[in-house]
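Okay, structure first, notes after.
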Amino acid sequence: MAVIIRRVEFFLITLWAAVTINFILPRMMPGNPAEAMMAHFQGRLNPAALHALEVAFGVNTKETIWQQYVQYLGDIVHFKFGISLSNFPVPVMHVVMQALPWTLTLAGVTTVISFLLGTLIGMIAAWRRGGIADNLMPPVFVIISALPYFWLGLICIYVFAVTLHWLPSGFGYDEGGNINLSWTFIHQAITHAILPALTIIVTSIGGWILTMRNNMIGTLSEDYVRMARAKGLHPMRIMIQYAGRNAILPNITGFAMALGFVVSGLLLTEIVFTYPGVGYLFLQAVAAEDYPLMQALFLFVTIAVLAAVLLADVANALLDPRIRAR
Amino acid sequence: MAYQPIAIQEPAPSPATPAPATGRAAWAAGFVRIGAALSSNRKAVAGVLILLFFTVVAIFAPLIAPYSPSAEAFAPGMPPSSAHWLGTTSYGQDIFSQLVWGTRQTLLIGLIGGLAATALSVFVGVTSAYLGGMPDHVLSVITDIFLVLPALPLMIVIAAYEKGGGFWVLVGVIVITGWSFGARQLRPQAQSLRNRDFLESARVRGETSAHIIVFEVLPNMVSLIVAIFLGAALYAILAAAGLQFLGLGNPEDQSWGTMLFWGQNQEALMIGSPLWIIAPGACIAALGAAVALINYGVDEISNPALRGRKRKKKVYVVPNP
Amino acid sequence: MVRAVDGVNIDVQPGEFLGLVGESGCGKSTLLFAIGRLLSEPAEIVSGDVLFKGTNLVYLKEKQLRHLRWRGFSVVMQSAMNALNPVLTVGAQMADAIEAHERMPKAAMKRRSAELLQMVGIDPIHLSSYPHQLSGGMRQRAMIAMALVFTPDLIMMDEPTSALDVVAQRSLMREIKTLQEELHFATIFVTHDMALVRQYADRLAIMYAGQIVEHASTNEIFDDPKHPYTRGLLHAYPSLFGPKEELTGIPGRPPDLRTPPTGCRFHPRCPYVMEICPKEDVPLYSPRGDDLVRCFLFSNEVMTNERASAPL
């Protein structure tokens with residue numbers, strides 16, 4: 001399990017890097033934009049909250065930068081992200097926690113569907129080399145993967161919501177609805193999620209198809225596949241247990257690498273659909289110049305991505321005995 | 001004669017590998033090779049033609065566009081007509097003219113952002129591989145960190161601090177978030193080159209590391225560098241469009257991204273001017289697809305196994321007489 | 001199109017050990033895989049027959065063929081590292097071969113696999129090992145055990161020892177021979193190393209550039225090699241105990257089969273090349289008994305005219 005331990009180390013280093021970027025950025029920008037923000041809230045905040053903001057953004061403080069840094073790290077470790085300025089005086093944590101479940105659900109479901117479906121299609125395309133799927137799919141998905149997520153989302157809204165009135169154009173549930181675990185609410189949530197989910201799946205599935213197909217073309221020429229044929233195994237078993245299972249391994253690593261990009265597309269999609277998740281919240285924070293909220297969101301998205309990468313590593317270790325041994 | 005079972009390496013017929021070219025000529029040779037290979041790949045040719053089309057439009061924008069892109073000179077929200085091929089915006093601007101002028105900045109961002117990000121990728125990836133040891137380790141970790149840091153939130157945070165940032169802020173943000181992917185791909189290939197004989201001989205000749213990297217190592221990686229540039233350019237185009245769409249660019253710029261921003265801002269889809277949003281998005285998609293097609297072509301060239309194959313229905317077996 | 005293997009005719013009797021010898025790239029493995037219908041695209045059989053106990057494998061549908069595979073004939077490949085699935089245990093890979101052809105309770109399957117591993121000298125504990133956890137020699141043995149699951153009539157071996165060191169090579173060869181004598185399967189054994197098969201092969205077929213150039217009993221070939229290529233191969237290997245002699249080997253390298261030399265394919269490298277060699281395709285001559293050799297030196301004209309004056 002040494003691999004996993006190394007990965008946890010990487011997790012922590014990256015997290016530290018993200019926190020540090022958050023710390024450095026406002027101090028690096030010319031004409032400190034945070035100062036204007038602070039002036040705006042002077043007098044409206046209690047002294048402790050004001051001091052936290054000063055530490056976070058390096059305004060009006062007599063402490064050295066190292067003292068500020070240490071205190072900032074301390075605050076982050078204790079999940080003290082301060083007050084959301086645009087939702088004054090609600091703490092940032094509280095605001096983030098309201099948006100996070102929406103994003104995690106949407107991201108989780110779409111990523112899993114897209115990965116499984118894409119891998120399956122890629123596997124079959126390579127297995128039936130020269131078939132319709134194999135000849136048609138690569139160029140089509142090369143083009144689709146070049147589409148801007150948000151634009152595809154806009155087109156979906158125009159076609160399915162504005163023109164056809166099949167599905168709602170945005171938000172996570174019907175206006176005036178209550179968030180609870182009733183059947184009505186779940187039904188609403190699903191209806192509202194279909195278009196954003198579709199957008200994300202359509203744009204991200206191509207990558208999985210192409211990489212899986214290419215990996216699978218590689219494993220299909222391996223000796224162990226020939227050996228499996230010689231053994232007279234059922235073609236399904238050869239495709240899945242021999243060629244497929246070995247081809248999926250680099251795909252899982254690729255999954256971790258691509259996740260940062262996928263998340264970006266996901267956030268944009270949320271914005272287009274005014275989906276009440278992190279992406280939409282992000283845009284609101286930007287519009288309101290709510291820097292503490294922005295920073296916290298950046299951090300949380302990073303944590304989510306890192307957690308997914310870690311999960312991919314665990315999956316890889318489970319599927320590949322060679323990694324487990326290392 | 002007494003023959004004993006003795007293991008002898010099979011006399012492997014080593015195909016004569018031509019000594020890699022070095023120096024300035026190698027660069028030229030590398031690009032010529034790629035150009036020749038691309039011209040024989042149908043997908044790549046299609047991509048190049050689309051790219052060429054947009055380049056011509058960008059260069060001759062003043063001649064092609066019938067009106068000023070920003071002048072609010074017409075009736076707002078007009079549908080397409082012979083005077084206004086794509087109609088007008090709700091500010092009374094000609095959408096087609098905006099589209100033509102917008103080509104310039106979008107292409108430029110793809111080119112400059114792509115080049116700058118590639119330069120950084122090459123610098124980090126090759127330096128890392130060439131130096132080895134501790135510097136390599138540190139650079140690799142940094143690369144991995146930037147790889148997993150979610151790009152869009154980072155871009156948004158930076159761009160938000162740099163309020164209303166114009167062209168160069170966009171390029172900067174794109175470079176910061178976009179270099180790691182290429183560096184990660186370059187490192188192993190540069191590593192495999194590191195110990196080759198021709199580099200050793202350059203070292204013996206007393207060439208500096210910088211000279212060796214620029215004139216000996218890089219020319220042998222031209223096809224990968226081109227692929228990375230294409231990927232970075234595609235990323236730059238999409239990222240810039242995304243940021244501008246969110247209002248994080250300079251809204252006064254003429255580009256497809258700002259068109260999308262204003263279109264969305266004015267709810268173009270709801271008020272019956274969908275072309276305001278459809279047209280620039282379609283152009284981004286076409287440009288992106290062009291780059292992706294060329295990239296796909298490069299991929300097929302470096303890995304022939306991936307090429308499409310015709311399915312054989314039947315194998316004819318002729319029995320022996 | 002490249003004719004990687006062309007006009008080859010070999011036969012193996014039950015319990016016989018046939019060595020198929022040649023330099024790399026001469027088509028030995030291609031021939032072996034063609035016999036087993038294991039060529040992968042774009043390689044294919046365009047003409048010819050493969051008769052296995054009277055059944056022509058070439059015309060069988062993949063589905064019909066599947067039932068014959070492993071039970072009728074099995075394969076041992078060059079590198080077990082590549083030929084074993086890295087993500088399945090040895091036991092699982094033996095079990096799936098059994099499962100594909102026979103209904104057997106899990107316990108019986110395990111017992112059978114354990115027996116086989118023991119037969120090739122591996123502790124049955126390794127049934128639950130993954131290929132990367134075994135040593136090179138053990139992996140090769142495990143693959144042989146796998147090939148013996150159904151005690152097939154024919155086992156095709158593609159340089160099964162070439163990945164091993166000399167000592168492991170010798171012990172594995174002895175082991176294969178012992179198993180063969182015990183279980184009476186026929187073997188086609190592909191190798192580039194003549195000396196390796198000398199003590200084990202009943203007959204040898206020498207391949208060059210996709211063709212069989214000489215086919216005779218092992219003793220005959222070592223005592224009186226006929227084809228100039230065979231002689232070259234023999235001189236390419238040093239002898240340990242014999243008198244000192246120069247290792248001449250064969251200058252040059254095998255031809256590119258996309259553009260094979262005209263006439264005799266060996267003529268560009270042949271020290272005995274004659275005027276006729278580049279001009280005409282060489283038929284197989286039979287200078288004695290069932291022996292076959294593809295060389296104009298053994299045509300009737302040359303034999304009668306030149307043999308007396310220029311003894312070889």
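A note on labels: chains of the structure tokens are A, B, ... as shown, every chain counts residues from 1, and ligands are counted from 1 in their shown order.
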
Q.
Would you pick out the contacts of His126 in chain C at 12 Å or less, using only C-alpha atoms, so that residues sharing its chain but fewer than 3 positions from it are not included, and give the list as a ChimeraX atom specification?
A. /C:89-94,110,113-118,121-123,129-135,138-139,141-142

Q: Mind the document's chain letters and residue numbers, and return as a PyMOL selection string the residues of range 23-232 of chain C that DSSP labels strand (DSSP E or B).
A: chain C and resi 47+51-52+55-56+69+73-76+154-158+186-191+203-208+211-217

Per-residue nearest contacts range 53-152 of chain B to range 209-212 of chain B, cut-off 10 Å, using only C-alpha atoms, as a Markdown table:
| residue | atom | partner | partner_atom | distance |
| --- | --- | --- | --- | --- |
| B:Thr127 | CA | B:Ala210 | CA | 9.3 |
| B:Tyr130 | CA | B:Ser209 | CA | 8.6 |
| B:Leu131 | CA | B:Ser209 | CA | 9.3 |

Q: Quick one: pick out all helix (DSSP H, G or I) residues within range 139-170 of chain C from a backbone DSSP run and write them as an MDAnalysis selection string.
A: chainID C and resid 139:147 166:170

Q: Return as JSON, numbers by chain the residues belonging to chain C that are within 6 Å of chain A, counting only C-alpha atoms.
A: {"C": [66, 69, 70, 82, 83, 84, 85, 87, 97, 100]}

Can you spit out the residues from that selection as a PDB file, in the first residue's frame, using all heavy atoms?
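Output (selection-v1.pdb):
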ATOM      1  N   ARG C  66     -12.890 -23.304 -31.471  1.00  0.00           N
ATOM      2  CA  ARG C  66     -12.715 -23.075 -30.037  1.00  0.00           C
ATOM      3  C   ARG C  66     -12.776 -24.387 -29.255  1.00  0.00           C
ATOM      4  O   ARG C  66     -12.087 -24.550 -28.259  1.00  0.00           O
ATOM      5  CB  ARG C  66     -13.789 -22.109 -29.536  1.00  0.00           C
ATOM      6  CG  ARG C  66     -13.204 -20.990 -28.735  1.00  0.00           C
ATOM      7  CD  ARG C  66     -14.247 -19.984 -28.365  1.00  0.00           C
ATOM      8  NE  ARG C  66     -15.199 -20.525 -27.438  1.00  0.00           N
ATOM      9  CZ  ARG C  66     -16.490 -20.213 -27.439  1.00  0.00           C
ATOM     10  NH1 ARG C  66     -16.957 -19.377 -28.332  1.00  0.00           N
ATOM     11  NH2 ARG C  66     -17.301 -20.738 -26.564  1.00  0.00           N
ATOM     12  N   ARG C  69      -9.462 -26.162 -29.575  1.00  0.00           N
ATOM     13  CA  ARG C  69      -8.310 -25.501 -28.959  1.00  0.00           C
ATOM     14  C   ARG C  69      -8.049 -26.046 -27.563  1.00  0.00           C
ATOM     15  O   ARG C  69      -8.970 -26.388 -26.837  1.00  0.00           O
ATOM     16  CB  ARG C  69      -8.557 -24.000 -28.859  1.00  0.00           C
ATOM     17  CG  ARG C  69      -8.564 -23.277 -30.211  1.00  0.00           C
ATOM     18  CD  ARG C  69      -8.604 -21.790 -29.956  1.00  0.00           C
ATOM     19  NE  ARG C  69      -8.776 -21.007 -31.174  1.00  0.00           N
ATOM     20  CZ  ARG C  69      -7.804 -20.764 -32.049  1.00  0.00           C
ATOM     21  NH1 ARG C  69      -6.602 -21.274 -31.840  1.00  0.00           N
ATOM     22  NH2 ARG C  69      -8.025 -20.025 -33.116  1.00  0.00           N
ATOM     23  N   TRP C  70      -6.788 -26.044 -27.194  1.00  0.00           N
ATOM     24  CA  TRP C  70      -6.306 -26.426 -25.875  1.00  0.00           C
ATOM     25  C   TRP C  70      -6.523 -27.903 -25.579  1.00  0.00           C
ATOM     26  O   TRP C  70      -5.678 -28.550 -25.028  1.00  0.00           O
ATOM     27  CB  TRP C  70      -6.917 -25.551 -24.770  1.00  0.00           C
ATOM     28  CG  TRP C  70      -5.871 -25.131 -23.783  1.00  0.00           C
ATOM     29  CD1 TRP C  70      -5.792 -25.512 -22.471  1.00  0.00           C
ATOM     30  CD2 TRP C  70      -4.744 -24.298 -24.035  1.00  0.00           C
ATOM     31  NE1 TRP C  70      -4.668 -24.955 -21.894  1.00  0.00           N
ATOM     32  CE2 TRP C  70      -4.010 -24.203 -22.841  1.00  0.00           C
ATOM     33  CE3 TRP C  70      -4.258 -23.638 -25.151  1.00  0.00           C
ATOM     34  CZ2 TRP C  70      -2.846 -23.470 -22.723  1.00  0.00           C
ATOM     35  CZ3 TRP C  70      -3.102 -22.901 -25.051  1.00  0.00           C
ATOM     36  CH2 TRP C  70      -2.418 -22.817 -23.851  1.00  0.00           C
ATOM     37  N   ASN C  82       4.895 -11.924 -21.015  1.00  0.00           N
ATOM     38  CA  ASN C  82       3.925 -11.253 -21.878  1.00  0.00           C
ATOM     39  C   ASN C  82       2.719 -12.127 -22.169  1.00  0.00           C
ATOM     40  O   ASN C  82       1.663 -11.625 -22.515  1.00  0.00           O
ATOM     41  CB  ASN C  82       4.583 -10.866 -23.206  1.00  0.00           C
ATOM     42  CG  ASN C  82       5.769  -9.969 -22.991  1.00  0.00           C
ATOM     43  OD1 ASN C  82       5.777  -9.161 -22.072  1.00  0.00           O
ATOM     44  ND2 ASN C  82       6.782 -10.124 -23.815  1.00  0.00           N
ATOM     45  N   ALA C  83       2.907 -13.437 -22.072  1.00  0.00           N
ATOM     46  CA  ALA C  83       1.826 -14.325 -22.490  1.00  0.00           C
ATOM     47  C   ALA C  83       0.861 -14.631 -21.356  1.00  0.00           C
ATOM     48  O   ALA C  83      -0.217 -15.152 -21.589  1.00  0.00           O
ATOM     49  CB  ALA C  83       2.399 -15.625 -23.045  1.00  0.00           C
ATOM     50  N   LEU C  84       1.260 -14.331 -20.127  1.00  0.00           N
ATOM     51  CA  LEU C  84       0.328 -14.518 -19.020  1.00  0.00           C
ATOM     52  C   LEU C  84      -0.338 -13.185 -18.722  1.00  0.00           C
ATOM     53  O   LEU C  84       0.302 -12.131 -18.767  1.00  0.00           O
ATOM     54  CB  LEU C  84       1.077 -15.024 -17.783  1.00  0.00           C
ATOM     55  CG  LEU C  84       1.669 -16.428 -17.923  1.00  0.00           C
ATOM     56  CD1 LEU C  84       2.482 -16.781 -16.690  1.00  0.00           C
ATOM     57  CD2 LEU C  84       0.574 -17.457 -18.149  1.00  0.00           C
ATOM     58  N   ASN C  85      -1.611 -13.257 -18.431  1.00  0.00           N
ATOM     59  CA  ASN C  85      -2.350 -12.040 -18.122  1.00  0.00           C
ATOM     60  C   ASN C  85      -1.872 -11.488 -16.779  1.00  0.00           C
ATOM     61  O   ASN C  85      -2.006 -12.156 -15.760  1.00  0.00           O
ATOM     62  CB  ASN C  85      -3.842 -12.373 -18.069  1.00  0.00           C
ATOM     63  CG  ASN C  85      -4.696 -11.136 -17.919  1.00  0.00           C
ATOM     64  OD1 ASN C  85      -4.210 -10.078 -17.543  1.00  0.00           O
ATOM     65  ND2 ASN C  85      -5.979 -11.275 -18.216  1.00  0.00           N
ATOM     66  N   VAL C  87      -2.968  -9.436 -14.713  1.00  0.00           N
ATOM     67  CA  VAL C  87      -3.902  -9.098 -13.638  1.00  0.00           C
ATOM     68  C   VAL C  87      -4.697 -10.306 -13.123  1.00  0.00           C
ATOM     69  O   VAL C  87      -5.566 -10.151 -12.286  1.00  0.00           O
ATOM     70  CB  VAL C  87      -4.877  -7.976 -14.061  1.00  0.00           C
ATOM     71  CG1 VAL C  87      -4.117  -6.701 -14.363  1.00  0.00           C
ATOM     72  CG2 VAL C  87      -5.722  -8.384 -15.234  1.00  0.00           C
ATOM     73  N   ALA C  97      -9.053 -21.800 -18.578  1.00  0.00           N
ATOM     74  CA  ALA C  97      -8.838 -22.723 -19.689  1.00  0.00           C
ATOM     75  C   ALA C  97      -9.673 -23.991 -19.495  1.00  0.00           C
ATOM     76  O   ALA C  97     -10.288 -24.500 -20.431  1.00  0.00           O
ATOM     77  CB  ALA C  97      -7.356 -23.077 -19.791  1.00  0.00           C
ATOM     78  N   ALA C 100     -13.444 -23.315 -19.958  1.00  0.00           N
ATOM     79  CA  ALA C 100     -13.878 -23.075 -21.330  1.00  0.00           C
ATOM     80  C   ALA C 100     -14.262 -24.371 -22.036  1.00  0.00           C
ATOM     81  O   ALA C 100     -14.952 -24.352 -23.041  1.00  0.00           O
ATOM     82  CB  ALA C 100     -12.777 -22.345 -22.096  1.00  0.00           C
TER      83      ALA C 100
END

Q) So how far away is CA of Glu9 in chain A from CA of Gly254 in chain A, in Å? A)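 Going from CA of Gly254 in chain A over to CA of Glu9 in chain A covers 19.6 Å.
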
Q) Which one of A:Glu270, A:Asp134, A:Glu54, A:Asp174 sits closest to chain B if you count only C-alpha atoms? A)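 The shortest atom-to-atom distance to chain B comes from A:Asp134.
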
Q: May I ask which of the residues A:Gly170, A:Pro196, A:Gly218, A:Gly108 is the closest one to Leu259 in chain A, counting only C-alpha atoms?
A: A:Gly108

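The coordinates place CA of Pro138 in chain A at 10.8 Å from CA of Trp208 in chain A.
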
**Q.** Minimum-distance residue to chain A, chosen among B:Ala233, B:Val148, B:Ala183, B:Met155 (using only C-alpha atoms)
**A.**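 When distances to chain A are compared using only C-alpha atoms, the smallest one comes from B:Val148.
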
9 Å contacts from chain B to chain A using only C-alpha atoms, as a CSV table (one decimal) with N, CA and C atoms, in the first residue's frame:
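result11.csv was written with the following content:
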chain,number,residue,atom,x,y,z
B,43,LYS,N,-7.9,13.6,-42.3
B,43,LYS,CA,-8.5,14.4,-41.2
B,43,LYS,C,-7.6,15.6,-41.0
B,141,VAL,N,6.8,17.1,-9.2
B,141,VAL,CA,5.8,17.3,-8.2
B,141,VAL,C,5.0,18.6,-8.6
B,142,ILE,N,5.8,19.6,-8.9
B,142,ILE,CA,5.1,20.9,-9.3
B,142,ILE,C,4.2,20.7,-10.5
B,144,ASP,N,2.7,17.9,-11.4
B,144,ASP,CA,1.5,17.1,-11.0
B,144,ASP,C,0.6,18.0,-10.2
B,145,ILE,N,1.1,18.9,-9.4
B,145,ILE,CA,0.2,19.8,-8.6
B,145,ILE,C,-0.6,20.6,-9.6
B,146,PHE,N,0.0,21.2,-10.5
B,146,PHE,CA,-0.7,22.1,-11.5
B,146,PHE,C,-1.7,21.3,-12.3
B,147,LEU,N,-1.3,20.0,-12.5
B,147,LEU,CA,-2.2,19.2,-13.3
B,147,LEU,C,-3.5,18.9,-12.6
B,148,VAL,N,-3.5,18.7,-11.3
B,148,VAL,CA,-4.7,18.4,-10.6
B,148,VAL,C,-5.4,19.7,-10.0
B,149,LEU,N,-4.7,20.8,-9.9
B,149,LEU,CA,-5.4,22.0,-9.4
B,149,LEU,C,-6.5,22.3,-10.5
B,150,PRO,N,-7.7,22.4,-10.0
B,150,PRO,CA,-8.8,22.7,-11.0
B,150,PRO,C,-8.6,24.0,-11.7
B,151,ALA,N,-8.5,23.9,-13.0
B,151,ALA,CA,-8.0,25.1,-13.8
B,151,ALA,C,-9.0,26.2,-13.7
B,152,LEU,N,-10.3,25.9,-14.0
B,152,LEU,CA,-11.3,27.0,-14.1
B,152,LEU,C,-11.4,27.8,-12.8
B,153,PRO,N,-11.6,27.2,-11.7
B,153,PRO,CA,-11.7,28.0,-10.4
B,153,PRO,C,-10.4,28.9,-10.3
B,154,LEU,N,-9.3,28.3,-10.6
B,154,LEU,CA,-8.0,29.0,-10.4
B,154,LEU,C,-8.0,30.2,-11.4
B,156,ILE,N,-10.6,31.7,-12.6
B,156,ILE,CA,-11.6,32.6,-12.2
B,156,ILE,C,-11.1,33.5,-11.0
B,157,VAL,N,-10.4,32.8,-10.1
B,157,VAL,CA,-9.9,33.6,-8.9
B,157,VAL,C,-8.9,34.6,-9.4
B,158,ILE,N,-8.0,34.2,-10.3
B,158,ILE,CA,-6.9,35.1,-10.7
B,158,ILE,C,-7.6,36.3,-11.5
B,160,ALA,N,-10.5,37.3,-11.4
B,160,ALA,CA,-11.4,38.2,-10.6
B,160,ALA,C,-10.6,39.2,-9.9
B,161,TYR,N,-9.4,38.8,-9.4
B,161,TYR,CA,-8.5,39.8,-8.8
B,161,TYR,C,-8.0,40.8,-9.8
B,162,GLU,N,-7.8,40.4,-11.0
B,162,GLU,CA,-7.3,41.3,-12.1
B,162,GLU,C,-8.6,41.8,-12.8
B,163,LYS,N,-9.4,42.5,-12.2
B,163,LYS,CA,-10.7,42.8,-12.7
B,163,LYS,C,-10.6,43.4,-14.2
B,181,PHE,N,0.0,19.9,-18.5
B,181,PHE,CA,-0.3,18.7,-19.3
B,181,PHE,C,0.8,18.3,-20.3
B,234,LEU,N,-5.9,24.6,-28.4
B,234,LEU,CA,-7.3,24.3,-28.3
B,234,LEU,C,-7.8,24.7,-26.9
B,235,TYR,N,-6.9,24.4,-25.9
B,235,TYR,CA,-7.2,24.7,-24.5
B,235,TYR,C,-7.4,26.3,-24.4
B,238,LEU,N,-10.6,27.5,-25.9
B,238,LEU,CA,-11.8,27.2,-25.1
B,238,LEU,C,-11.8,27.9,-23.8
B,239,ALA,N,-10.6,28.0,-23.2
B,239,ALA,CA,-10.6,28.7,-21.9
B,239,ALA,C,-10.9,30.2,-22.0
B,241,ALA,N,-12.6,31.7,-24.3
B,241,ALA,CA,-14.0,31.8,-24.6
B,241,ALA,C,-14.8,31.7,-23.3
B,242,GLY,N,-14.5,30.7,-22.5
B,242,GLY,CA,-15.2,30.5,-21.2
B,242,GLY,C,-15.1,31.6,-20.3
B,245,PHE,N,-16.9,34.6,-21.6
B,245,PHE,CA,-18.4,34.3,-21.5
B,245,PHE,C,-18.8,34.6,-20.1
B,246,LEU,N,-18.0,34.4,-19.1
B,246,LEU,CA,-18.3,34.7,-17.7
B,246,LEU,C,-18.2,36.1,-17.4
B,248,LEU,N,-15.2,37.7,-17.5
B,248,LEU,CA,-13.9,37.9,-16.8
B,248,LEU,C,-12.9,38.4,-17.8
B,260,LEU,N,-20.6,36.0,-26.9
B,260,LEU,CA,-21.4,35.0,-26.1
B,260,LEU,C,-21.8,35.7,-24.7
B,264,GLN,N,-25.6,36.3,-23.8
B,264,GLN,CA,-26.2,35.7,-22.7
B,264,GLN,C,-26.7,36.7,-21.7
B,269,LEU,N,-31.2,34.1,-26.3
B,269,LEU,CA,-31.9,32.9,-26.7
B,269,LEU,C,-33.4,33.0,-26.4
B,270,MET,N,-33.7,33.8,-25.3
B,270,MET,CA,-35.1,34.0,-24.9
B,270,MET,C,-35.8,35.0,-25.8
B,274,PRO,N,-31.3,34.0,-31.4
B,274,PRO,CA,-30.5,32.9,-31.0
B,274,PRO,C,-29.1,33.0,-31.7
B,277,ILE,N,-25.9,34.0,-30.1
B,277,ILE,CA,-25.1,33.0,-29.3
B,277,ILE,C,-24.7,31.8,-30.2
B,278,ILE,N,-25.6,31.3,-31.1
B,278,ILE,CA,-25.3,30.1,-31.8
B,278,ILE,C,-24.1,30.4,-32.7
B,281,GLY,N,-20.5,30.5,-31.0
B,281,GLY,CA,-20.3,29.2,-30.4
B,281,GLY,C,-19.9,28.2,-31.5
B,282,ALA,N,-20.7,28.3,-32.6
B,282,ALA,CA,-20.4,27.4,-33.7
B,282,ALA,C,-19.0,27.6,-34.3
B,284,ILE,N,-16.4,28.9,-32.6
B,284,ILE,CA,-15.4,28.3,-31.7
B,284,ILE,C,-15.3,26.8,-31.9
B,285,ALA,N,-16.5,26.2,-32.0
B,285,ALA,CA,-16.6,24.7,-32.2
B,285,ALA,C,-15.8,24.3,-33.5
B,286,ALA,N,-16.0,25.1,-34.5
B,286,ALA,CA,-15.4,24.7,-35.8
B,286,ALA,C,-13.8,24.9,-35.7
B,287,LEU,N,-13.4,26.0,-35.1
B,287,LEU,CA,-12.0,26.2,-34.9
B,287,LEU,C,-11.4,25.1,-34.0
B,288,GLY,N,-12.1,24.9,-32.9
B,288,GLY,CA,-11.7,23.8,-32.0
B,288,GLY,C,-11.6,22.5,-32.7
B,289,ALA,N,-12.6,22.2,-33.5
B,289,ALA,CA,-12.6,20.9,-34.2
B,289,ALA,C,-11.4,20.8,-35.2
B,290,ALA,N,-11.1,22.0,-35.8
B,290,ALA,CA,-10.0,22.0,-36.8
B,290,ALA,C,-8.7,21.6,-36.0
B,291,VAL,N,-8.5,22.3,-34.9
B,291,VAL,CA,-7.3,22.0,-34.1
B,291,VAL,C,-7.3,20.5,-33.7
B,292,ALA,N,-8.4,20.0,-33.2
B,292,ALA,CA,-8.5,18.7,-32.7
B,292,ALA,C,-8.3,17.7,-33.9
B,293,LEU,N,-8.8,18.0,-35.1
B,293,LEU,CA,-8.6,17.1,-36.2
B,293,LEU,C,-7.1,17.0,-36.6
B,296,TYR,N,-5.4,14.9,-34.0
B,296,TYR,CA,-5.8,13.5,-34.2
B,296,TYR,C,-4.9,12.9,-35.3
B,305,ALA,N,-1.0,2.2,-35.6
B,305,ALA,CA,-2.0,1.2,-35.2
B,305,ALA,C,-3.3,1.8,-35.0
B,306,LEU,N,-3.4,3.1,-34.7
B,306,LEU,CA,-4.7,3.7,-34.4
B,306,LEU,C,-5.6,4.0,-35.6
B,308,GLY,N,-7.8,4.1,-38.9
B,308,GLY,CA,-9.0,3.3,-39.2
B,308,GLY,C,-8.7,2.1,-40.1
B,309,ARG,N,-9.5,1.1,-40.1
B,309,ARG,CA,-9.2,0.0,-40.8
B,309,ARG,C,-10.5,-0.5,-41.5
B,310,LYS,N,-10.4,-1.0,-42.7
B,310,LYS,CA,-11.6,-1.5,-43.3
B,310,LYS,C,-11.8,-2.9,-42.8
B,311,ARG,N,-13.1,-3.2,-42.6
B,311,ARG,CA,-13.4,-4.5,-42.1
B,311,ARG,C,-13.4,-5.5,-43.2
B,312,LYS,N,-12.7,-6.6,-43.1
B,312,LYS,CA,-12.8,-7.6,-44.1
B,312,LYS,C,-14.0,-8.5,-43.8

Q: Pick out the closest residue to chain B from this set: C:Ser171, C:Ser217, C:Thr178, C:Ser29. Count only C-alpha atoms.
A: C:Ser171

Q | Spatial neighbours of Thr88 in chain B, max dist 9 Å, only C-alpha atoms, sep filter under 5 positions, as an MDAnalysis selection string | A | chainID B and resid 74:80 93:96 273 276

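Among the candidate residues C:Val21, C:Met81, C:Ile10, C:Ala195, the one lying nearest to chain B is C:Ala195, with distances computed using only C-alpha atoms.
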
Q.
From the options C:Val213, C:Ala4, C:Val197, C:Val282, which residue's atoms come nearest to chain B, counting only C-alpha atoms?
A.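 Nearest to chain B: C:Val197.
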
Q) Can you tell me, as a list of chain:residue names, what residues are no more than 10 Å from Lys53 in chain C when counting only C-alpha atoms, ignoring any on the same chain fewer than 6 positions away? A) C:Gln13, C:Pro14, C:Gly72, C:Asp153

Q. Could you work out how far CA of Ser24 in chain C lies from CA of Ile221 in chain C, giving the answer in Å with one decimal?
A.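 Distance between the two atoms: 19.9 Å.
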